[in-house]
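Undergrad: What follows is the file start27.pdb, containing PDB, C-alpha atoms and all ligand atoms:
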ATOM      1  CA  MET A1436      62.607  52.866 115.343  1.00  0.00           C
ATOM      2  CA  ALA A1437      60.916  49.655 116.502  1.00  0.00           C
ATOM      3  CA  LEU A1438      61.981  48.399 119.902  1.00  0.00           C
ATOM      4  CA  PRO A1439      62.375  44.689 120.555  1.00  0.00           C
ATOM      5  CA  ARG A1440      59.302  43.089 122.055  1.00  0.00           C
ATOM      6  CA  GLU A1441      59.390  42.301 125.752  1.00  0.00           C
ATOM      7  CA  TYR A1442      56.011  40.568 126.123  1.00  0.00           C
ATOM      8  CA  VAL A1443      55.227  42.216 129.428  1.00  0.00           C
ATOM      9  CA  SER A1444      52.104  44.031 130.643  1.00  0.00           C
ATOM     10  CA  GLY A1445      51.792  47.581 129.375  1.00  0.00           C
ATOM     11  CA  GLU A1446      53.528  46.995 126.081  1.00  0.00           C
ATOM     12  CA  THR A1447      51.457  47.829 122.998  1.00  0.00           C
ATOM     13  CA  HIS A1448      50.806  45.478 120.098  1.00  0.00           C
ATOM     14  CA  PHE A1449      49.021  46.285 116.847  1.00  0.00           C
ATOM     15  CA  TYR A1450      45.952  44.348 115.780  1.00  0.00           C
ATOM     16  CA  LEU A1451      43.959  45.410 112.686  1.00  0.00           C
ATOM     17  CA  GLY A1452      45.570  48.836 112.820  1.00  0.00           C
ATOM     18  CA  ARG A1453      44.878  49.583 116.461  1.00  0.00           C
ATOM     19  CA  ARG A1454      47.332  49.621 119.322  1.00  0.00           C
ATOM     20  CA  HIS A1455      46.314  47.226 122.064  1.00  0.00           C
ATOM     21  CA  LYS A1456      47.809  47.243 125.497  1.00  0.00           C
ATOM     22  CA  LEU A1457      49.133  43.826 126.489  1.00  0.00           C
ATOM     23  CA  ILE A1458      47.955  42.486 129.834  1.00  0.00           C
ATOM     24  CA  VAL A1459      49.760  39.394 131.072  1.00  0.00           C
ATOM     25  CA  ASN A1460      47.616  37.447 133.503  1.00  0.00           C
ATOM     26  CA  GLU A1461      49.345  34.603 135.289  1.00  0.00           C
ATOM     27  CA  SER A1462      46.722  32.200 136.569  1.00  0.00           C
ATOM     28  CA  SER A1463      46.338  28.454 136.704  1.00  0.00           C
ATOM     29  CA  ALA A1464      42.716  28.790 137.846  1.00  0.00           C
ATOM     30  CA  GLN A1465      41.614  30.289 134.509  1.00  0.00           C
ATOM     31  CA  PRO A1466      41.838  28.716 131.054  1.00  0.00           C
ATOM     32  CA  SER A1467      44.940  29.534 129.011  1.00  0.00           C
ATOM     33  CA  GLU A1468      43.870  31.963 126.324  1.00  0.00           C
ATOM     34  CA  VAL A1469      44.377  35.202 124.453  1.00  0.00           C
ATOM     35  CA  LYS A1470      41.419  37.573 124.500  1.00  0.00           C
ATOM     36  CA  LEU A1471      40.656  40.966 123.039  1.00  0.00           C
ATOM     37  CA  LEU A1472      38.947  42.859 125.821  1.00  0.00           C
ATOM     38  CA  ARG A1473      37.973  46.533 125.492  1.00  0.00           C
ATOM     39  CA  GLY A1474      41.008  47.389 123.398  1.00  0.00           C
ATOM     40  CA  LYS A1475      43.368  45.267 125.473  1.00  0.00           C
ATOM     41  CA  LEU A1476      45.072  42.021 124.592  1.00  0.00           C
ATOM     42  CA  VAL A1477      44.815  39.784 127.615  1.00  0.00           C
ATOM     43  CA  VAL A1478      47.059  36.720 127.704  1.00  0.00           C
ATOM     44  CA  THR A1479      46.232  34.244 130.466  1.00  0.00           C
ATOM     45  CA  LEU A1480      48.716  31.454 131.176  1.00  0.00           C
ATOM     46  CA  PRO A1481      49.568  29.285 134.193  1.00  0.00           C
ATOM     47  CA  VAL A1482      53.232  30.221 133.838  1.00  0.00           C
ATOM     48  CA  ALA A1483      53.505  33.550 132.085  1.00  0.00           C
ATOM     49  CA  ASP A1484      57.191  34.038 131.448  1.00  0.00           C
ATOM     50  CA  ARG A1485      58.189  36.066 128.400  1.00  0.00           C
ATOM     51  CA  ALA A1486      58.911  33.055 126.196  1.00  0.00           C
ATOM     52  CA  ALA A1487      55.535  31.525 126.991  1.00  0.00           C
ATOM     53  CA  VAL A1488      53.657  34.801 126.419  1.00  0.00           C
ATOM     54  CA  ARG A1489      55.501  35.356 123.173  1.00  0.00           C
ATOM     55  CA  ARG A1490      54.682  31.867 121.914  1.00  0.00           C
ATOM     56  CA  ARG A1491      51.014  32.046 122.890  1.00  0.00           C
ATOM     57  CA  LEU A1492      50.505  35.553 121.523  1.00  0.00           C
ATOM     58  CA  ASN A1493      52.233  34.846 118.220  1.00  0.00           C
ATOM     59  CA  ALA A1494      50.210  31.661 117.778  1.00  0.00           C
ATOM     60  CA  TRP A1495      47.070  33.752 118.356  1.00  0.00           C
ATOM     61  CA  TYR A1496      48.173  36.272 115.709  1.00  0.00           C
ATOM     62  CA  ASP A1497      48.831  33.422 113.271  1.00  0.00           C
ATOM     63  CA  ALA A1498      45.375  31.962 113.853  1.00  0.00           C
ATOM     64  CA  ARG A1499      43.715  35.375 113.456  1.00  0.00           C
ATOM     65  CA  ALA A1500      45.740  36.001 110.280  1.00  0.00           C
ATOM     66  CA  ASP A1501      44.678  32.624 108.812  1.00  0.00           C
ATOM     67  CA  GLU A1502      41.032  33.389 109.416  1.00  0.00           C
ATOM     68  CA  TYR A1503      40.810  37.100 108.665  1.00  0.00           C
ATOM     69  CA  LEU A1504      43.091  37.186 105.625  1.00  0.00           C
ATOM     70  CA  SER A1505      41.524  34.176 103.924  1.00  0.00           C
ATOM     71  CA  ASP A1506      37.990  35.492 104.542  1.00  0.00           C
ATOM     72  CA  LYS A1507      38.931  38.926 103.189  1.00  0.00           C
ATOM     73  CA  PHE A1508      40.668  37.349 100.225  1.00  0.00           C
ATOM     74  CA  SER A1509      37.564  35.294  99.327  1.00  0.00           C
ATOM     75  CA  GLU A1510      35.284  38.286  99.756  1.00  0.00           C
ATOM     76  CA  ILE A1511      37.386  40.587  97.554  1.00  0.00           C
ATOM     77  CA  SER A1512      38.219  38.033  94.862  1.00  0.00           C
ATOM     78  CA  GLY A1513      34.513  37.134  94.704  1.00  0.00           C
ATOM     79  CA  ARG A1514      33.562  40.639  93.583  1.00  0.00           C
ATOM     80  CA  LEU A1515      36.187  41.002  90.822  1.00  0.00           C
ATOM     81  CA  ASN A1516      34.864  40.057  87.417  1.00  0.00           C
ATOM     82  CA  TRP A1517      38.248  38.801  86.175  1.00  0.00           C
ATOM     83  CA  VAL A1518      38.571  36.258  88.972  1.00  0.00           C
ATOM     84  CA  GLU A1519      36.702  33.129  87.956  1.00  0.00           C
ATOM     85  CA  ALA A1520      37.728  30.563  90.518  1.00  0.00           C
ATOM     86  CA  HIS A1521      39.138  31.161  93.974  1.00  0.00           C
ATOM     87  CA  PRO A1522      42.842  31.800  93.270  1.00  0.00           C
ATOM     88  CA  PRO A1523      45.318  29.850  95.389  1.00  0.00           C
ATOM     89  CA  LEU A1524      46.370  31.799  98.475  1.00  0.00           C
ATOM     90  CA  LYS A1525      49.361  31.158 100.677  1.00  0.00           C
ATOM     91  CA  LEU A1526      50.305  32.979 103.818  1.00  0.00           C
ATOM     92  CA  MET A1527      54.042  33.342 103.952  1.00  0.00           C
ATOM     93  CA  ARG A1528      56.336  35.315 106.194  1.00  0.00           C
ATOM     94  CA  MET A1529      58.305  37.877 104.241  1.00  0.00           C
ATOM     95  CA  ARG A1530      60.784  40.310 105.675  1.00  0.00           C
ATOM     96  CA  THR A1531      60.069  43.281 103.466  1.00  0.00           C
ATOM     97  CA  GLN A1532      56.988  42.494 101.378  1.00  0.00           C
ATOM     98  CA  TRP A1533      53.284  42.505 102.188  1.00  0.00           C
ATOM     99  CA  GLY A1534      52.288  40.314  99.308  1.00  0.00           C
ATOM    100  CA  SER A1535      53.217  38.939  95.933  1.00  0.00           C
ATOM    101  CA  CYS A1536      51.699  37.193  92.944  1.00  0.00           C
ATOM    102  CA  SER A1537      53.622  34.406  91.219  1.00  0.00           C
ATOM    103  CA  PRO A1538      53.668  34.119  87.402  1.00  0.00           C
ATOM    104  CA  ASP A1539      51.371  31.090  87.663  1.00  0.00           C
ATOM    105  CA  GLY A1540      48.821  33.051  89.691  1.00  0.00           C
ATOM    106  CA  VAL A1541      49.504  31.988  93.281  1.00  0.00           C
ATOM    107  CA  ILE A1542      48.997  34.882  95.677  1.00  0.00           C
ATOM    108  CA  TYR A1543      51.143  35.200  98.774  1.00  0.00           C
ATOM    109  CA  LEU A1544      50.170  37.397 101.703  1.00  0.00           C
ATOM    110  CA  ASN A1545      52.322  38.275 104.684  1.00  0.00           C
ATOM    111  CA  PRO A1546      50.520  37.161 107.894  1.00  0.00           C
ATOM    112  CA  ALA A1547      51.929  40.300 109.583  1.00  0.00           C
ATOM    113  CA  LEU A1548      49.154  42.166 107.714  1.00  0.00           C
ATOM    114  CA  ILE A1549      46.817  41.150 110.555  1.00  0.00           C
ATOM    115  CA  ARG A1550      48.432  44.015 112.508  1.00  0.00           C
ATOM    116  CA  ALA A1551      47.623  46.586 109.799  1.00  0.00           C
ATOM    117  CA  PRO A1552      44.424  48.629 109.348  1.00  0.00           C
ATOM    118  CA  ARG A1553      41.625  46.907 107.430  1.00  0.00           C
ATOM    119  CA  HIS A1554      41.741  49.271 104.438  1.00  0.00           C
ATOM    120  CA  CYS A1555      45.502  48.660 104.120  1.00  0.00           C
ATOM    121  CA  ILE A1556      44.878  44.904 104.061  1.00  0.00           C
ATOM    122  CA  GLU A1557      42.245  45.458 101.391  1.00  0.00           C
ATOM    123  CA  TYR A1558      44.731  47.476  99.351  1.00  0.00           C
ATOM    124  CA  VAL A1559      47.374  44.701  99.442  1.00  0.00           C
ATOM    125  CA  ILE A1560      44.848  42.020  98.468  1.00  0.00           C
ATOM    126  CA  LEU A1561      43.492  44.138  95.592  1.00  0.00           C
ATOM    127  CA  HIS A1562      47.012  44.970  94.430  1.00  0.00           C
ATOM    128  CA  GLU A1563      47.918  41.293  94.185  1.00  0.00           C
ATOM    129  CA  LEU A1564      44.614  40.336  92.546  1.00  0.00           C
ATOM    130  CA  CYS A1565      45.165  43.030  89.896  1.00  0.00           C
ATOM    131  CA  HIS A1566      48.446  41.265  89.084  1.00  0.00           C
ATOM    132  CA  LEU A1567      46.400  38.300  87.846  1.00  0.00           C
ATOM    133  CA  VAL A1568      45.498  40.568  84.909  1.00  0.00           C
ATOM    134  CA  GLU A1569      48.635  42.694  84.642  1.00  0.00           C
ATOM    135  CA  HIS A1570      51.828  41.004  85.841  1.00  0.00           C
ATOM    136  CA  ASN A1571      53.671  44.312  86.063  1.00  0.00           C
ATOM    137  CA  HIS A1572      53.361  47.848  87.393  1.00  0.00           C
ATOM    138  CA  SER A1573      52.297  49.426  84.100  1.00  0.00           C
ATOM    139  CA  LYS A1574      49.804  52.241  83.684  1.00  0.00           C
ATOM    140  CA  ARG A1575      47.180  49.614  82.848  1.00  0.00           C
ATOM    141  CA  PHE A1576      47.871  47.917  86.183  1.00  0.00           C
ATOM    142  CA  PHE A1577      47.419  51.149  88.165  1.00  0.00           C
ATOM    143  CA  ASP A1578      44.308  52.091  86.180  1.00  0.00           C
ATOM    144  CA  LEU A1579      42.778  48.749  87.112  1.00  0.00           C
ATOM    145  CA  LEU A1580      43.731  49.142  90.779  1.00  0.00           C
ATOM    146  CA  THR A1581      42.426  52.724  90.916  1.00  0.00           C
ATOM    147  CA  LYS A1582      39.112  51.622  89.464  1.00  0.00           C
ATOM    148  CA  GLN A1583      38.727  49.084  92.274  1.00  0.00           C
ATOM    149  CA  MET A1584      40.098  51.289  95.053  1.00  0.00           C
ATOM    150  CA  PRO A1585      40.321  54.996  94.201  1.00  0.00           C
ATOM    151  CA  ALA A1586      42.041  55.793  97.527  1.00  0.00           C
ATOM    152  CA  TRP A1587      44.732  53.095  97.279  1.00  0.00           C
ATOM    153  CA  GLU A1588      47.578  55.628  97.437  1.00  0.00           C
ATOM    154  CA  SER A1589      46.692  56.837 100.914  1.00  0.00           C
ATOM    155  CA  ALA A1590      46.296  53.227 102.104  1.00  0.00           C
ATOM    156  CA  LYS A1591      49.750  52.460 100.700  1.00  0.00           C
ATOM    157  CA  ARG A1592      51.276  55.507 102.384  1.00  0.00           C
ATOM    158  CA  GLU A1593      49.747  54.543 105.711  1.00  0.00           C
ATOM    159  CA  LEU A1594      50.990  50.966 105.385  1.00  0.00           C
ATOM    160  CA  ASP A1595      54.480  52.124 104.440  1.00  0.00           C
ATOM    161  CA  SER A1596      54.589  54.358 107.494  1.00  0.00           C
ATOM    162  CA  LEU A1597      53.682  51.412 109.741  1.00  0.00           C
ATOM    163  CA  ALA A1598      55.934  48.899 108.007  1.00  0.00           C
ATOM    164  CA  GLU A1599      58.906  48.988 110.330  1.00  0.00           C
ATOM    165  CA  LEU A1600      56.760  48.847 113.440  1.00  0.00           C
ATOM    166  CA  ILE A1601      54.548  46.053 112.183  1.00  0.00           C
ATOM    167  CA  LEU A1602      57.068  43.853 110.393  1.00  0.00           C
ATOM    168  CA  ALA A1603      59.572  44.027 113.251  1.00  0.00           C
ATOM    169  CA  GLY A1604      56.860  43.288 115.794  1.00  0.00           C
ATOM    170  CA  HIS A1605      55.576  40.218 113.991  1.00  0.00           C
ATOM    171  CA  GLU A1606      57.573  37.209 114.999  1.00  0.00           C
ATOM    172  CA  PRO A1607      56.846  33.664 113.947  1.00  0.00           C
ATOM    173  CA  ALA A1608      55.248  31.376 116.502  1.00  0.00           C
ATOM    174  CA  PHE A1609      56.323  28.425 114.400  1.00  0.00           C
ATOM    175  CA  ASN A1610      58.252  28.264 111.211  1.00  0.00           C
ATOM    176  CA  ARG A1611      55.630  27.310 108.721  1.00  0.00           C
ATOM    177  CA  THR A1612      53.687  28.225 105.642  1.00  0.00           C
ATOM    178  CA  VAL A1613      49.921  28.081 105.715  1.00  0.00           C
ATOM    179  CA  SER A1614      48.129  27.149 102.531  1.00  0.00           C
ATOM    180  CA  GLN A1615      44.513  28.016 101.930  1.00  0.00           C
ATOM    181  CA  GLN A1616      42.349  26.816  99.125  1.00  0.00           C
TER     182      GLN A1616
HETATM  183 ZN    ZN B   1      52.818  44.781  92.593  1.00  0.00          ZN
END
Could you write out this file's structure as structure tokens?
Ligand SMILES: [Zn+2]

TA:
Amino acid sequence: MALPREYVSGETHFYLGRRHKLIVNESSAQPSEVKLLRGKLVVTLPVADRAAVRRRLNAWYDARADEYLSDKFSEISGRLNWVEAHPPLKLMRMRTQWGSCSPDGVIYLNPALIRAPRHCIEYVILHELCHLVEHNHSKRFFDLLTKQMPAWESAKRELDSLAELILAGHEPAFNRTVSQQ
């Protein structure tokens, strides 16, 4: 059962599959920022009330998701022989899905994936890229996926077990859709 986020020091937040302890640092002498420091997420703000910490932290997650997920997507699509050009990628908040592939080949990834372990992210990206060939969950689809990632089932199980915790914990900083080309 995922508890509502409080955005106070001591609370844990997932980033790339690891729990990080949140440290809220109220200071007007230091620059406003979010930093990963020895396994801790340090948020420094001049006025660090919960709303401000929440906004700053979620904006940081969004920025990390934009960068990490689009880099990973380019890297993985670049090594698949059926992907000729860089397929269109959109990051879109979804309540229950990690990703999807539209019939015209646009791939959507949930930015909340930035909280999941790297191999789980890889699994979701590969799953969606395999849908460019097989727009279904047929045996041919799973054969293709297994060839690319033999251990996909354990990655899926791990992601499913984290789903409630991660999806509930990921709140939008702004209501928006990020498009990457
Ligand atoms: Zn699928």

Undergrad: Output the neighbourhood of ligand ZN 1 (chain B) as a count of residues only, that is, all protein and nucleic acid residues with some atom at most 9 Å from the ligand, counting only C-alpha atoms and all ligand atoms.

TA: 12

Undergrad: CA of Leu1600 in chain A and CA of Ile1511 in chain A, how far apart in Å?

TA: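 Atom-to-atom, CA of Ile1511 in chain A to CA of Leu1600 in chain A, that is 26.4 Å.
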
Undergrad: Please report as CSV every residue of range 1499-1584 of chain A lying within 8 Å of range 1453-1468 of chain A, along with the nearest atom pair and their distance in Å (one decimal), using all atoms listed in the file.

TA:
residue,atom,partner,partner_atom,distance
A:Arg1550,CA,A:Arg1453,CA,7.7
A:Ala1551,CA,A:Arg1453,CA,7.8
A:Pro1552,CA,A:Arg1453,CA,7.2

Undergrad: What separation in Å, quoted to one decimal, exists between CA of Leu1544 in chain A and CA of Leu1526 in chain A?

TA: 4.9 Å

Undergrad: Quick one: residues within 10 Å of Ala1547 in chain A, all atoms listed in the file, excluding same-chain residues fewer than 6 positions away - as a PDB file with C-alpha atoms, in the frame of the given file?

TA:
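What ended up in part39.pdb:
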ATOM      1  CA  PHE A1449      49.021  46.285 116.847  1.00  0.00           C
ATOM      2  CA  TYR A1450      45.952  44.348 115.780  1.00  0.00           C
ATOM      3  CA  LEU A1451      43.959  45.410 112.686  1.00  0.00           C
ATOM      4  CA  TYR A1496      48.173  36.272 115.709  1.00  0.00           C
ATOM      5  CA  ASP A1497      48.831  33.422 113.271  1.00  0.00           C
ATOM      6  CA  ALA A1500      45.740  36.001 110.280  1.00  0.00           C
ATOM      7  CA  LEU A1526      50.305  32.979 103.818  1.00  0.00           C
ATOM      8  CA  MET A1527      54.042  33.342 103.952  1.00  0.00           C
ATOM      9  CA  ARG A1528      56.336  35.315 106.194  1.00  0.00           C
ATOM     10  CA  MET A1529      58.305  37.877 104.241  1.00  0.00           C
ATOM     11  CA  ARG A1530      60.784  40.310 105.675  1.00  0.00           C
ATOM     12  CA  GLN A1532      56.988  42.494 101.378  1.00  0.00           C
ATOM     13  CA  TRP A1533      53.284  42.505 102.188  1.00  0.00           C
ATOM     14  CA  ALA A1598      55.934  48.899 108.007  1.00  0.00           C
ATOM     15  CA  ILE A1601      54.548  46.053 112.183  1.00  0.00           C
ATOM     16  CA  LEU A1602      57.068  43.853 110.393  1.00  0.00           C
ATOM     17  CA  ALA A1603      59.572  44.027 113.251  1.00  0.00           C
ATOM     18  CA  GLY A1604      56.860  43.288 115.794  1.00  0.00           C
ATOM     19  CA  HIS A1605      55.576  40.218 113.991  1.00  0.00           C
ATOM     20  CA  GLU A1606      57.573  37.209 114.999  1.00  0.00           C
ATOM     21  CA  PRO A1607      56.846  33.664 113.947  1.00  0.00           C
TER      22      PRO A1607
END

Undergrad: How would you write, as a count of residues only, the residues chosen by the PyMOL selection byres (((chain A and resi 1488) around 12) and not hetatm) on this structure?

TA: 33
